[in-house]
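**Student:** So here's model_10.txt, just compact mmCIF, C-alpha atoms:
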```txt
# COMPACT_ATOMS: atom_id res chain seq x y z
CA MET A 1 58.83 50.64 180.87
CA PHE A 2 62.09 52.09 179.53
CA GLY A 3 65.47 50.59 178.70
CA LEU A 4 68.45 52.66 179.85
CA ASP A 5 72.17 52.58 179.15
CA CYS A 6 74.92 55.08 179.95
CA GLU A 7 78.51 55.45 178.80
CA MET A 8 81.10 57.00 181.09
CA VAL A 9 84.53 58.61 180.78
CA THR A 10 87.17 58.97 183.47
CA THR A 11 87.77 62.43 184.87
CA ALA A 12 89.86 63.87 187.67
CA ARG A 13 86.90 63.07 189.96
CA GLY A 14 86.33 59.51 188.70
CA LEU A 15 83.74 58.13 186.28
CA GLU A 16 81.32 60.73 184.86
CA LEU A 17 78.46 60.57 182.40
CA ALA A 18 79.27 61.10 178.71
CA ARG A 19 76.24 59.60 176.94
CA VAL A 20 72.79 58.35 177.92
CA THR A 21 70.25 56.49 175.79
CA VAL A 22 66.65 55.62 176.64
CA VAL A 23 64.34 53.36 174.59
CA ASN A 24 60.65 52.68 175.13
CA GLN A 25 58.96 49.27 175.40
CA LEU A 26 58.63 49.17 171.60
CA HIS A 27 62.44 49.47 171.41
CA LYS A 28 62.28 52.95 169.89
CA VAL A 29 64.83 55.57 170.99
CA VAL A 30 63.09 58.34 172.96
CA TYR A 31 66.22 60.01 174.28
CA ASP A 32 69.86 59.93 173.20
CA SER A 33 72.26 62.64 174.30
CA LEU A 34 75.90 63.35 174.92
CA CYS A 35 76.85 65.03 178.19
CA LYS A 36 79.88 67.17 178.98
CA PRO A 37 81.51 66.10 182.26
CA GLU A 38 82.05 68.78 184.88
CA ASN A 39 85.69 67.84 185.49
CA GLU A 40 88.71 67.46 183.25
CA ILE A 41 88.66 64.22 181.25
CA THR A 42 91.69 62.01 181.85
CA ASN A 43 90.56 58.95 179.84
CA TYR A 44 87.78 58.64 177.26
CA ASN A 45 87.65 54.85 177.75
CA THR A 46 86.92 54.60 174.03
CA LYS A 47 87.53 50.85 173.98
CA TRP A 48 84.51 50.37 176.26
CA SER A 49 82.47 53.57 176.00
CA GLY A 50 82.82 54.36 172.30
CA ILE A 51 83.29 58.01 173.35
CA THR A 52 86.04 60.00 171.62
CA GLU A 53 87.47 63.47 172.14
CA ASP A 54 85.88 64.73 168.92
CA MET A 55 82.42 63.57 170.03
CA LEU A 56 82.52 65.73 173.18
CA LYS A 57 84.48 68.64 171.70
CA ASN A 58 81.49 70.94 171.07
CA VAL A 59 79.06 69.47 173.62
CA LYS A 60 77.61 72.07 176.00
CA LYS A 61 74.89 70.05 177.73
CA ASN A 62 75.73 69.25 181.36
CA LEU A 63 74.46 66.66 183.82
CA LYS A 64 71.81 68.96 185.31
CA THR A 65 70.23 69.53 181.89
CA VAL A 66 70.26 65.81 181.15
CA GLN A 67 68.53 65.12 184.47
CA GLN A 68 65.81 67.69 183.70
CA GLU A 69 65.22 66.25 180.23
CA LEU A 70 65.01 62.70 181.53
CA CYS A 71 62.53 63.71 184.21
CA SER A 72 60.30 65.22 181.52
CA ILE A 73 60.21 61.85 179.74
CA MET A 74 60.10 59.41 182.64
CA HIS A 75 58.06 59.51 185.84
CA ARG A 76 58.34 57.80 189.23
CA GLU A 77 55.73 55.18 188.22
CA ASP A 78 57.75 54.10 185.18
CA ILE A 79 60.05 51.08 185.30
CA LEU A 80 63.69 51.49 184.33
CA VAL A 81 65.48 48.48 182.85
CA GLY A 82 69.23 48.09 182.51
CA HIS A 83 72.17 45.76 183.06
CA SER A 84 74.08 46.51 186.28
CA LEU A 85 71.74 49.48 186.48
CA GLU A 86 73.30 50.85 189.67
CA ASN A 87 76.26 52.10 187.63
CA ASP A 88 73.99 54.05 185.27
CA LEU A 89 71.97 55.60 188.09
CA LEU A 90 75.16 56.61 189.91
CA ALA A 91 76.46 58.29 186.75
CA LEU A 92 73.12 60.10 186.33
CA ASN A 93 73.02 60.95 190.06
CA ILE A 94 69.38 59.86 190.05
CA VAL A 95 67.40 57.75 192.53
CA HIS A 96 64.60 55.63 191.05
CA THR A 97 62.79 52.94 193.03
CA ARG A 98 61.05 51.03 190.22
CA VAL A 99 63.86 49.20 188.44
CA ILE A 100 64.63 45.90 186.73
CA ASP A 101 68.28 44.84 186.58
CA THR A 102 68.96 42.09 184.06
CA ALA A 103 72.20 41.24 185.90
CA VAL A 104 69.89 40.11 188.72
CA LEU A 105 67.24 38.50 186.48
CA TYR A 106 69.91 36.35 184.81
CA PRO A 107 72.31 35.63 187.70
CA HIS A 108 75.74 34.09 187.37
CA PRO A 109 75.59 30.37 188.29
CA ARG A 110 78.23 30.95 190.98
CA GLY A 111 76.23 33.70 192.62
CA PRO A 112 77.42 37.12 193.88
CA PRO A 113 79.76 38.87 193.46
CA TYR A 114 79.95 37.31 190.00
CA LYS A 115 77.75 38.76 187.25
CA ASN A 116 77.01 37.63 183.72
CA SER A 117 78.00 40.17 181.10
CA LEU A 118 75.19 41.62 178.99
CA ARG A 119 76.93 40.29 175.92
CA LYS A 120 76.93 36.74 177.27
CA VAL A 121 73.27 36.81 178.37
CA VAL A 122 72.11 38.24 175.04
CA GLU A 123 74.05 35.61 173.11
CA LYS A 124 72.54 32.81 175.19
CA TYR A 125 68.91 33.90 175.51
CA LEU A 126 68.34 36.24 172.55
CA ASN A 127 70.54 34.20 170.22
CA ARG A 128 72.44 37.15 168.77
CA ALA A 129 75.73 38.97 169.24
CA ILE A 130 76.12 42.51 170.57
CA GLN A 131 79.09 44.76 171.33
CA VAL A 132 80.92 43.55 168.23
CA GLN A 133 83.08 45.61 165.92
CA ASN A 134 81.79 46.74 162.55
CA ASP A 135 82.72 49.16 159.79
CA GLU A 136 80.98 52.16 161.38
CA GLN A 137 81.96 51.50 164.98
CA THR A 138 85.47 50.20 165.49
CA GLU A 139 85.54 50.55 169.25
CA GLY A 140 83.26 50.68 172.26
CA HIS A 141 79.68 49.75 173.05
CA ASP A 142 76.55 51.07 171.40
CA SER A 143 74.35 52.45 174.19
CA THR A 144 71.22 52.11 172.03
CA GLU A 145 71.99 48.48 171.30
CA ASP A 146 72.66 47.74 174.98
CA ALA A 147 69.51 49.52 176.18
CA ILE A 148 67.34 47.58 173.72
CA ALA A 149 69.03 44.29 174.63
CA ALA A 150 68.42 44.81 178.37
CA LEU A 151 64.77 45.68 177.72
CA GLU A 152 64.27 42.59 175.53
CA LEU A 153 65.79 40.38 178.23
CA ALA A 154 63.41 41.80 180.84
CA GLN A 155 60.42 41.26 178.54
CA LEU A 156 61.55 37.70 177.85
CA LYS A 157 61.83 37.04 181.58
CA ILE A 158 58.33 38.41 182.22
CA LYS A 159 56.96 36.19 179.47
CA ASN A 160 58.63 32.96 180.65
CA GLY A 161 58.40 33.30 184.43
CA PRO A 162 60.76 33.83 187.41
CA ARG A 163 62.78 30.63 186.97
CA PHE A 164 63.68 31.41 183.37
CA GLY A 165 67.37 32.27 183.02
CA VAL A 166 68.27 30.96 186.48
CA GLU A 167 70.72 28.08 186.44
CA ASP A 168 70.53 25.61 189.33
CA SER A 169 73.77 24.80 191.13
CA ARG A 170 75.47 21.69 189.80
CA CYS A 171 75.60 20.12 193.26
CA GLN A 172 71.84 20.43 193.59
CA GLU A 173 71.32 18.90 190.15
CA LEU A 174 73.57 15.95 191.00
CA PHE A 175 71.58 15.24 194.16
CA LYS A 176 68.34 15.25 192.19
CA ILE A 177 69.68 12.95 189.51
CA LEU A 178 71.03 10.36 191.95
CA HIS A 179 67.85 10.57 194.01
CA GLY A 180 66.02 9.38 190.90
CA TYR A 181 68.17 6.24 191.02
CA ARG A 182 67.42 5.82 194.74
CA LYS A 183 71.00 6.47 195.82
CA THR A 184 71.82 7.61 199.36
CA MET A 185 73.96 10.73 199.74
CA ALA A 186 75.62 12.82 202.43
CA LEU A 187 76.83 16.40 202.54
CA TYR A 188 79.54 17.15 205.13
CA ALA A 189 80.03 20.85 205.91
CA ASN A 190 79.49 23.59 208.48
CA SER A 191 75.95 24.78 209.24
CA LYS A 192 76.23 27.88 207.02
CA VAL A 193 77.21 25.87 203.95
CA LEU A 194 74.56 23.26 204.72
CA ARG A 195 71.90 25.97 204.68
CA MET A 196 73.17 27.28 201.33
CA LEU A 197 73.21 23.84 199.73
CA ALA A 198 70.17 22.47 201.53
CA SER A 199 68.42 19.94 199.31
CA PRO A 200 64.72 19.05 199.36
CA VAL A 201 65.72 15.51 198.38
CA ASN A 202 65.03 13.18 201.33
CA SER A 203 67.87 10.81 200.50
CA VAL A 204 70.51 13.50 201.24
CA SER A 205 71.82 13.57 204.81
CA ALA A 206 73.23 16.91 206.01
CA VAL A 207 76.10 16.30 208.46
CA ASP A 208 77.21 19.36 210.48
CA CYS A 209 80.99 19.38 210.94
CA LYS A 210 81.52 23.00 212.06
CA ASP A 211 84.61 24.63 210.50
CA ASP A 212 86.93 21.65 210.93
CA ASP A 213 88.22 19.86 207.84
CA GLN A 214 89.59 17.01 209.94
CA GLN A 215 86.13 16.42 211.36
CA VAL A 216 84.63 16.58 207.86
CA LEU A 217 87.02 13.95 206.53
CA LYS A 218 86.76 11.78 209.65
CA LYS A 219 82.96 11.66 209.50
CA ALA A 220 83.05 11.09 205.74
CA ALA A 221 85.49 8.20 206.20
CA ALA A 222 83.13 6.62 208.75
CA GLY A 223 80.23 6.94 206.32
CA VAL A 224 82.27 5.41 203.51
CA THR A 225 83.53 2.55 205.70
CA ASN A 226 80.08 1.35 206.71
CA GLY A 227 78.77 1.74 203.15
CA LYS A 228 75.91 3.95 204.26
CA TYR A 229 76.18 6.44 201.38
CA GLN A 230 76.79 6.04 197.66
CA LEU A 231 77.82 9.69 197.31
CA SER A 232 79.71 11.78 199.86
CA VAL A 233 80.30 15.50 199.27
CA CYS A 234 82.77 17.21 201.60
CA HIS A 235 83.10 20.98 201.84
CA LEU A 236 86.65 21.85 202.92
CA THR A 237 88.06 25.20 204.03
CA SER A 238 91.79 24.44 203.91
CA PHE A 239 91.96 25.91 200.41
CA ALA A 240 91.07 29.32 201.89
CA ASN A 241 93.27 32.17 200.74
CA PRO A 242 96.12 31.89 201.11
CA PRO A 243 96.37 28.21 202.20
CA SER A 244 99.17 27.50 204.67
CA THR A 245 101.59 24.61 204.23
CA ALA A 246 100.54 23.14 207.59
CA LYS A 247 96.86 23.17 206.62
CA LEU A 248 97.57 21.54 203.28
CA LYS A 249 99.67 18.84 204.93
CA LYS A 250 96.86 17.95 207.34
CA LEU A 251 94.40 18.03 204.47
CA ASP A 252 96.57 15.64 202.47
CA GLU A 253 96.68 13.22 205.40
CA GLY A 254 92.93 13.37 205.87
CA LEU A 255 92.25 12.81 202.17
CA MET A 256 94.63 9.85 202.12
CA GLN A 257 92.77 8.27 205.04
CA LEU A 258 89.43 8.83 203.33
CA PHE A 259 90.78 7.26 200.15
CA LYS A 260 91.98 4.20 202.08
CA CYS A 261 88.50 3.74 203.61
CA ALA A 262 86.77 3.91 200.25
CA PRO A 263 85.83 0.62 198.54
CA ARG A 264 87.34 -0.41 195.21
CA ASN A 265 86.01 1.35 192.09
CA THR A 266 85.23 4.52 194.06
CA LEU A 267 85.47 7.68 191.99
CA PHE A 268 87.52 10.13 194.06
CA ILE A 269 87.51 13.84 193.09
CA VAL A 270 89.21 16.80 194.77
CA THR A 271 88.57 20.25 193.31
CA THR A 272 89.41 23.77 194.39
CA SER A 273 86.24 24.87 192.55
CA GLN A 274 87.90 28.25 191.97
CA GLY A 275 91.25 29.96 192.11
CA PRO A 276 92.47 32.34 194.85
CA SER A 277 89.80 34.90 195.68
CA HIS A 278 91.53 37.00 198.36
CA GLU A 279 92.26 39.76 195.83
CA VAL A 280 88.57 39.83 194.81
CA GLN A 281 87.50 40.05 198.45
CA ALA A 282 89.96 42.88 199.17
CA LEU A 283 88.84 44.92 196.14
CA ASN A 284 85.18 44.34 196.95
CA GLN A 285 85.71 45.67 200.48
CA GLU A 286 87.61 48.66 199.10
CA GLN A 287 84.78 49.39 196.62
CA LEU A 288 82.16 49.12 199.37
CA ALA A 289 84.10 51.52 201.58
CA ALA A 290 84.41 54.02 198.71
CA THR A 291 80.67 53.80 197.99
CA LYS A 292 79.79 54.49 201.64
CA LYS A 293 82.03 57.56 201.60
CA GLY A 294 80.56 58.78 198.30
CA ILE A 295 83.91 58.44 196.51
CA SER A 296 83.92 57.50 192.81
CA TRP A 297 85.38 54.08 192.07
CA PRO A 298 88.36 54.52 189.68
CA LEU A 299 88.25 52.74 186.33
CA GLU A 300 91.67 51.22 187.03
CA LYS A 301 90.26 49.55 190.14
CA SER A 302 87.30 48.21 188.14
CA ARG A 303 89.71 46.68 185.65
CA ALA A 304 91.78 45.16 188.45
CA LEU A 305 88.60 43.66 189.96
CA LYS A 306 87.63 42.19 186.59
CA ILE A 307 91.08 40.58 186.21
CA ALA A 308 90.90 39.24 189.77
CA HIS A 309 87.49 37.69 188.99
CA GLN A 310 88.96 35.98 185.92
CA LYS A 311 91.79 34.52 188.00
CA ALA A 312 89.35 33.36 190.68
CA ARG A 313 87.30 31.46 188.11
CA SER A 314 90.21 29.14 187.28
CA GLY A 315 90.59 26.16 189.57
CA VAL A 316 92.31 22.77 189.76
CA VAL A 317 90.69 19.33 189.69
CA PHE A 318 92.25 16.02 190.77
CA ALA A 319 90.38 12.83 189.88
CA THR A 320 91.05 9.11 190.22
CA ILE A 321 89.28 5.76 190.50
CA LYS A 322 90.41 3.44 193.31
CA ARG A 323 91.48 0.27 191.52
CA LEU A 324 95.08 -0.32 192.60
CA ALA A 325 96.57 -1.62 195.80
CA GLN A 326 96.00 0.27 199.06
CA GLY A 327 97.72 3.65 199.12
CA GLN A 328 98.54 3.80 195.40
CA ILE A 329 96.70 6.76 193.88
CA PRO A 330 96.86 7.38 190.13
CA ILE A 331 96.01 11.04 189.59
CA VAL A 332 94.46 12.86 186.66
CA ARG A 333 95.05 16.59 187.08
CA VAL A 334 93.22 19.32 185.20
CA GLU A 335 94.56 22.86 185.66
CA GLY A 336 93.04 26.19 184.79
CA SER A 337 89.50 24.85 184.53
CA ASP A 338 86.83 27.56 184.53
CA SER A 339 84.12 26.31 186.86
CA SER A 340 81.64 28.83 185.37
CA LYS A 341 81.64 26.94 182.06
```
Turn this file's structure into structure tokens for me.

**Tutor:**
Amino acid sequence: MFGLDCEMVTTARGLELARVTVVNQLHKVVYDSLCKPENEITNYNTKWSGITEDMLKNVKKNLKTVQQELCSIMHREDILVGHSLENDLLALNIVHTRVIDTAVLYPHPRGPPYKNSLRKVVEKYLNRAIQVQNDEQTEGHDSTEDAIAALELAQLKIKNGPRFGVEDSRCQELFKILHGYRKTMALYANSKVLRMLASPVNSVSAVDCKDDDQQVLKKAAAGVTNGKYQLSVCHLTSFANPPSTAKLKKLDEGLMQLFKCAPRNTLFIVTTSQGPSHEVQALNQEQLAATKKGISWPLEKSRALKIAHQKARSGVVFATIKRLAQGQIPIVRVEGSDSSK
């Protein structure tokens, strides 16, 4: 089993390999080499790659030589370990079927397309910091450090079992907790969402409402009125990107009716869960199309996607407890909350 990490620079063709490091299962470096890109370099990406112009100035070794040297060290039966390993294999122009990707082993709690950074996973599960500045390295990542970290994370996962490092969804946890107190619960959503959030807890009723927020709120109001459920979770689609004024107006009316049906002392929460994600979706589709055509994904687009992900993580939460007269809703509003925290 080998740990692998590559650093790339931007050329006229896109991202190309500039450095590759391989460590063995004892965390010893067995291969570390710089690689001269075939095309003209337009950006060394030093802030992320640690590669500078001086480092590549006298390098003669090309990608083909690197591939040959790697194949002399590793064989098809060996397991390659890395974080977001597809990027490294694309840079190496190598296909390998026995791989372990720590971005998959330690998934983001919100699921794809979100990914935990290697730095974050290492800090949480290996209890140390990586990719930090020091006196010798003022910028960029250390490919040896990253390769070792990914390998250690894979070994830790193997030792502790498949559920280690996998965070359950908060909704699922809430259902389990309330089930322990023998509370009855209902989840109102379309069939697709119900399948995603399906709970093994018997006290949770799954109510199919198709893709109609008005139906969701109407059925939830009926459940609240007859006191059948102590917890009602409604999945709404009116916050879809970008939400229209007409949709939001109908949503406001439906929420008001649901609030009126709720008994006194009901905790009432409305959350967007995340910010606008239409930019993320558009960039993801663009990246997929480029991959299918064999076109390199520009670094500028990768940065734009990262920024869009950060924006999408910030949502808004409205919360209140029904204690006043009918129709009076005191609101506590929390903006910019990161639902991944």

**Student:** Using only C-alpha atoms, which of the listed residues (A:Arg13, A:Lys157, A:Lys64, A:His309) sits closest to Cys35 of chain A?

**Tutor:**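 Closest to Cys35 of chain A, using only C-alpha atoms: A:Lys64.
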
**Student:** Within 12 Å of Gln67 of chain A, counting only C-alpha atoms, which residues show up once you throw out same-chain ones fewer than 2 positions away? Write them as a VMD selection string, please.

**Tutor:** chain A and resid 17 20 31 33 35 61 to 65 69 to 75 89 91 to 95

**Student:** I'd like the contact shell of Leu187 of chain A - 8 Å cut-off, all atoms listed in the file, skipping same-chain residues fewer than 5 positions apart - returned as a PyMOL selection string.

**Tutor:** chain A and resi 194+204-207+232-235

**Student:** Leaving out Ile295 of chain A and any residue of its chain fewer than 3 positions from it, which residues lie within 12 Å of it when counting all atoms listed in the file, given as a list in words?

**Tutor:** Ala12, Arg13, Gly14, Leu15, Leu90, Glu286, Gln287, Leu288, Ala289, Ala290, Thr291, Lys292 and Pro298 of chain A

**Student:** Separation of atom CA of Tyr188 of chain A and atom CA of Lys210 of chain A, in Å?

**Tutor:** 9.3 Å

**Student:** Measure the distance from atom CA of Met55 of chain A to atom CA of Val30 of chain A in Å and round it to one decimal.

**Tutor:**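 Interatomic distance, atom CA of Met55 of chain A to atom CA of Val30 of chain A: 20.2 Å.
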
**Student:** From the options A:Asn265, A:Ser117, A:Ser314, A:Asn24, which residue's atoms come nearest to Ser277 of chain A, counting all atoms listed in the file?

**Tutor:** A:Ser314

**Student:** Figure out the distance between atom CA of Ala154 of chain A and atom CA of Ala103 of chain A, please, to one decimal in Å.

**Tutor:** 10.2 Å

**Student:** With all atoms listed in the file as the atoms that count, which of A:Lys250, A:Arg313, A:Lys47, A:Lys120 lies nearest to Ser238 of chain A?

**Tutor:**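 Closest to Ser238 of chain A, using all atoms listed in the file: A:Lys250.
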
**Student:** Counting all atoms listed in the file, which residues of segment 161-270 of chain A sit at most 8 Å from some atom of segment 315-323 of chain A, and what is each one's closest atom pair with its distance in Å to one decimal, listed by chain and rising residue number, as JSON lines?

**Tutor:**
```
{"residue": "A:Phe259", "atom": "CA", "partner": "A:Lys322", "partner_atom": "CA", "distance": 7.8}
{"residue": "A:Ala262", "atom": "CA", "partner": "A:Lys322", "partner_atom": "CA", "distance": 7.9}
{"residue": "A:Pro263", "atom": "CA", "partner": "A:Lys322", "partner_atom": "CA", "distance": 7.5}
{"residue": "A:Arg264", "atom": "CA", "partner": "A:Lys322", "partner_atom": "CA", "distance": 5.3}
{"residue": "A:Asn265", "atom": "CA", "partner": "A:Lys322", "partner_atom": "CA", "distance": 5.0}
{"residue": "A:Thr266", "atom": "CA", "partner": "A:Lys322", "partner_atom": "CA", "distance": 5.3}
{"residue": "A:Leu267", "atom": "CA", "partner": "A:Ile321", "partner_atom": "CA", "distance": 4.5}
{"residue": "A:Phe268", "atom": "CA", "partner": "A:Thr320", "partner_atom": "CA", "distance": 5.3}
{"residue": "A:Ile269", "atom": "CA", "partner": "A:Ala319", "partner_atom": "CA", "distance": 4.4}
{"residue": "A:Val270", "atom": "CA", "partner": "A:Phe318", "partner_atom": "CA", "distance": 5.1}
```

**Student:** Neighbours of His96 of chain A within 9 Å (all atoms listed in the file; same-chain residues fewer than 4 positions away dropped), as a list in words?

**Tutor:** Arg76, Ile79, Leu80 and Leu89 of chain A

**Student:** What's around His83 of chain A at 12 Å? Count only C-alpha atoms, leave out sequence neighbours fewer than 2 positions away in its own chain, and write the answer as a ChimeraX atom specification.

**Tutor:** /A:3-6,80-81,85-89,99-107,115-122,143,146-154

**Student:** Taking all atoms listed in the file into account, name the residue in A:Gln285, A:Ser302, A:Asn58, A:Ser203 that is nearest to Leu178 of chain A.

**Tutor:** A:Ser203

**Student:** Using only C-alpha atoms, can you tell me which of A:Val224, A:Lys293, A:Val66, A:Thr11 comes closest to Asp32 of chain A?

**Tutor:**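 Ranking A:Val224, A:Lys293, A:Val66, A:Thr11 by distance to Asp32 of chain A, first place goes to A:Val66.
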